[in-house]
2 protein chains.
Amino acid sequence: MPANWQLEAARPEQREEILTVARSAVLFSAEEVATVEELIDEYIARGPQASGYYFLSGVIDGRVAGFACYGPRALTSGTYDLFWMAVDQSMQGRGLGKALSARTLEEVRALGGRLLVAETSGKADYEPTRKFYEADGWTREAIIADFYAPGDAMAIYIKRL
Amino acid sequence: MPANWQLEAARPEQREEILTVARSAVLFSAEEVATVEELIDEYIARGPQASGYYFLSGVIDGRVAGFACYGPRALTSGTYDLFWMAVDQSMQGRGLGKALSARTLEEVRALGGRLLVAETSGKADYEPTRKFYEADGWTREAIIADFYAPGDAMAIYIKRL
């Protein structure tokens with residue numbers, strides 16, 4: 001990892017920078033950005049264990065350039081969801097997504113996790129996202145047509161730890 | 001449907017009878033029963049629209065003999081989860097599960113739903129549950145090994161409306 005990069009548990013003062021990254025992600029709808037905001041507020045107010053939401057910041061030159069949000073899936077033993085992952089558009093293509101994914105896996109393993117799940121859209125404009133997961137060693141377990149909306153399938157990727 | 005059967009939106013005074021059915025379901029863990037309790041308390045306190053949890057009671061001779069709980073999946077347009085469905089052991093084999101499933105579909109359609117999702121266990125003792133879904137016209141979209149716990153897969157069934 002380059003010397004000017006830092007991956008760390010998100011700090012409360014990074015809230016705005018994280019939301020800026022989420023807003024800059026052209027694929028995130030307003031509703032999705034609002035969900036990220038809800039989760040980070042829970043994370044800041046109650047902490048990761050009580051809220052069930054963990055945030056990782058990917059910092060480049062002192063600024064948040066990407067983030068990941070993950071947490072345990074209810075009613076499972078050792079399965080975690082990667083709820084959100086995003087990299088600022090101007091910082092894409094440098095491997096920050098891969099670094100965030102790898103660190104998330106490490107953290108989930110440290111929490112006793114066995115399985116990480118990422119659900120994403122089957123739409124054409126999400127093809128780079130799906131290619132990212134495939135290149136990053138995730139296994140596609142299902143595609144459910146018209147899941148998010150008519151014409152918008154859900155693809156389920158998993159990684160076993 | 002037999003004349004002594006009634007399917008209806010659950011009433012607050014049925015709370016205990018619904019939880020008795022959940023507790024009598026040998027396949028429900030204590031944690032799962034506690035989740036049903038949380039959801040029904042939300043349903044009673046805030047109503048189905050605000051809570052996102054709808055409960056249907058299946059009443060035989062004036063007593064709750066089974067129930068279904070469903071609600072919209074966040075961040076989708078028209079996809080609903082069938083969170084829980086259970087029939088009292090002494091009332092099984094009479095078609096009440098099928099009737100609850102059919103009524104849930106009708107209600108979801110009336111709410112504008114297009115797709116209903118039921119996630120269930122891949123364990124051997126859930127084979128009757130999986131056979132029920134298959135006989136009831138659901139499509140199995142995925143089985144993810146070791147999802148709920150080591151040796152306990154998740155099977156995803158869907159029904160399109």
# chains A, B, ... in the order shown; residues from 1 in each chain; ligands from 1
>>> closest_atom_pairs(of="chain A", to="chain B", cutoff="10 Å", atoms="only C-alpha atoms", output="tab-separated table")
residue	atom	partner	partner_atom	distance
A:Ser29	CA	B:Leu75	CA	9.6
A:Glu31	CA	B:Leu75	CA	7.3
A:Glu32	CA	B:Leu75	CA	7.2
A:Thr35	CA	B:Leu75	CA	8.8
A:Arg73	CA	B:Tyr148	CA	8.9
A:Ala74	CA	B:Tyr148	CA	9.2
A:Leu75	CA	B:Tyr148	CA	7.0
A:Thr76	CA	B:Tyr148	CA	4.3
A:Ser77	CA	B:Ala149	CA	5.1
A:Gly78	CA	B:Ala149	CA	6.8
A:Thr79	CA	B:Phe147	CA	6.4
A:Tyr80	CA	B:Phe147	CA	9.6
A:Arg114	CA	B:Pro150	CA	8.6
A:Leu115	CA	B:Phe147	CA	7.3
A:Leu116	CA	B:Phe147	CA	9.4
A:Val117	CA	B:Phe147	CA	9.4
A:Glu141	CA	B:Ala142	CA	6.8
A:Ala142	CA	B:Ala142	CA	5.7
A:Ile143	CA	B:Glu141	CA	7.8
A:Ile144	CA	B:Glu141	CA	6.8
A:Ala145	CA	B:Glu141	CA	9.7
A:Asp146	CA	B:Leu115	CA	8.1
A:Phe147	CA	B:Thr79	CA	6.4
A:Tyr148	CA	B:Thr76	CA	4.3
A:Ala149	CA	B:Ser77	CA	5.1
A:Pro150	CA	B:Ser77	CA	8.1
A:Asp152	CA	B:Thr76	CA	9.4
A:Met154	CA	B:Thr76	CA	9.9
A:Ile156	CA	B:Ala142	CA	9.4
A:Ile158	CA	B:Ile144	CA	8.8
A:Arg160	CA	B:Asp146	CA	9.5
>>> residues_around(residues="Arg103 (chain A)", least_positions_apart="4", cutoff="8 Å", atoms="only C-alpha atoms", output="NGL selection string")
:A and (7 or 99 or 107)
>>> atom_distance(atom1="CA of Gly95 (chain B)", atom2="CA of Glu127 (chain B)")
17.2 Å
>>> closest_residue(among="A:Asp41, A:Ala65, A:Leu111, A:Leu27", to="Pro12 (chain A)", atoms="only C-alpha atoms")
A:Asp41
>>> residues_around(residues="Asp88 (chain A)", least_positions_apart="5", cutoff="12 Å", atoms="only C-alpha atoms", output="NGL selection string")
:A and (17-28 or 57-60 or 63-68 or 93-97)
>>> atom_distance(atom1="CA of Arg46 (chain B)", atom2="CA of Gln14 (chain B)")
16.0 Å
>>> atom_distance(atom1="CA of Ile40 (chain A)", atom2="CA of Arg15 (chain A)")
7.1 Å
>>> select_by_dssp(residues="region 8-160 of chain B", states="helix (DSSP H, G or I)", output="MDAnalysis selection string")
chainID B and resid 12:24 30:51 89:91 96:110 124:135
>>> select_by_dssp(residues="region 65-153 of chain B", states="strand (DSSP E)", output="MDAnalysis selection string")
chainID B and resid 65:72 79:87 115:121 139:149 152:153
>>> closest_residue(among="A:Gly47, A:Gly151, A:Gly62, A:Pro72", to="Val108 (chain A)", atoms="only C-alpha atoms")
A:Pro72
>>> residues_around(residues="Ala118 (chain B)", least_positions_apart="2", cutoff="9 Å", atoms="only C-alpha atoms", output="PyMOL selection string")
chain B and resi 80-84+116+120+133+138+155-159
>>> write_last_selection(atoms="C-alpha atoms", output="PDB file, in the first residue's frame")
ATOM      1  CA  TYR B  80     -41.353  -8.021  -0.050  1.00  0.00           C
ATOM      2  CA  ASP B  81     -39.896 -10.458   2.459  1.00  0.00           C
ATOM      3  CA  LEU B  82     -41.946 -13.220   4.013  1.00  0.00           C
ATOM      4  CA  PHE B  83     -40.075 -12.961   7.305  1.00  0.00           C
ATOM      5  CA  TRP B  84     -41.887 -15.662   9.251  1.00  0.00           C
ATOM      6  CA  LEU B 116     -42.002 -12.103  -2.513  1.00  0.00           C
ATOM      7  CA  THR B 120     -35.106 -20.628   4.936  1.00  0.00           C
ATOM      8  CA  TYR B 133     -42.402 -23.943  -0.596  1.00  0.00           C
ATOM      9  CA  TRP B 138     -42.132 -21.009  -5.062  1.00  0.00           C
ATOM     10  CA  ALA B 155     -32.147 -21.420   0.667  1.00  0.00           C
ATOM     11  CA  ILE B 156     -33.774 -18.453  -1.092  1.00  0.00           C
ATOM     12  CA  TYR B 157     -37.247 -19.007  -2.526  1.00  0.00           C
ATOM     13  CA  ILE B 158     -39.188 -16.417  -4.483  1.00  0.00           C
ATOM     14  CA  LYS B 159     -42.633 -15.976  -5.903  1.00  0.00           C
TER      15      LYS B 159
END
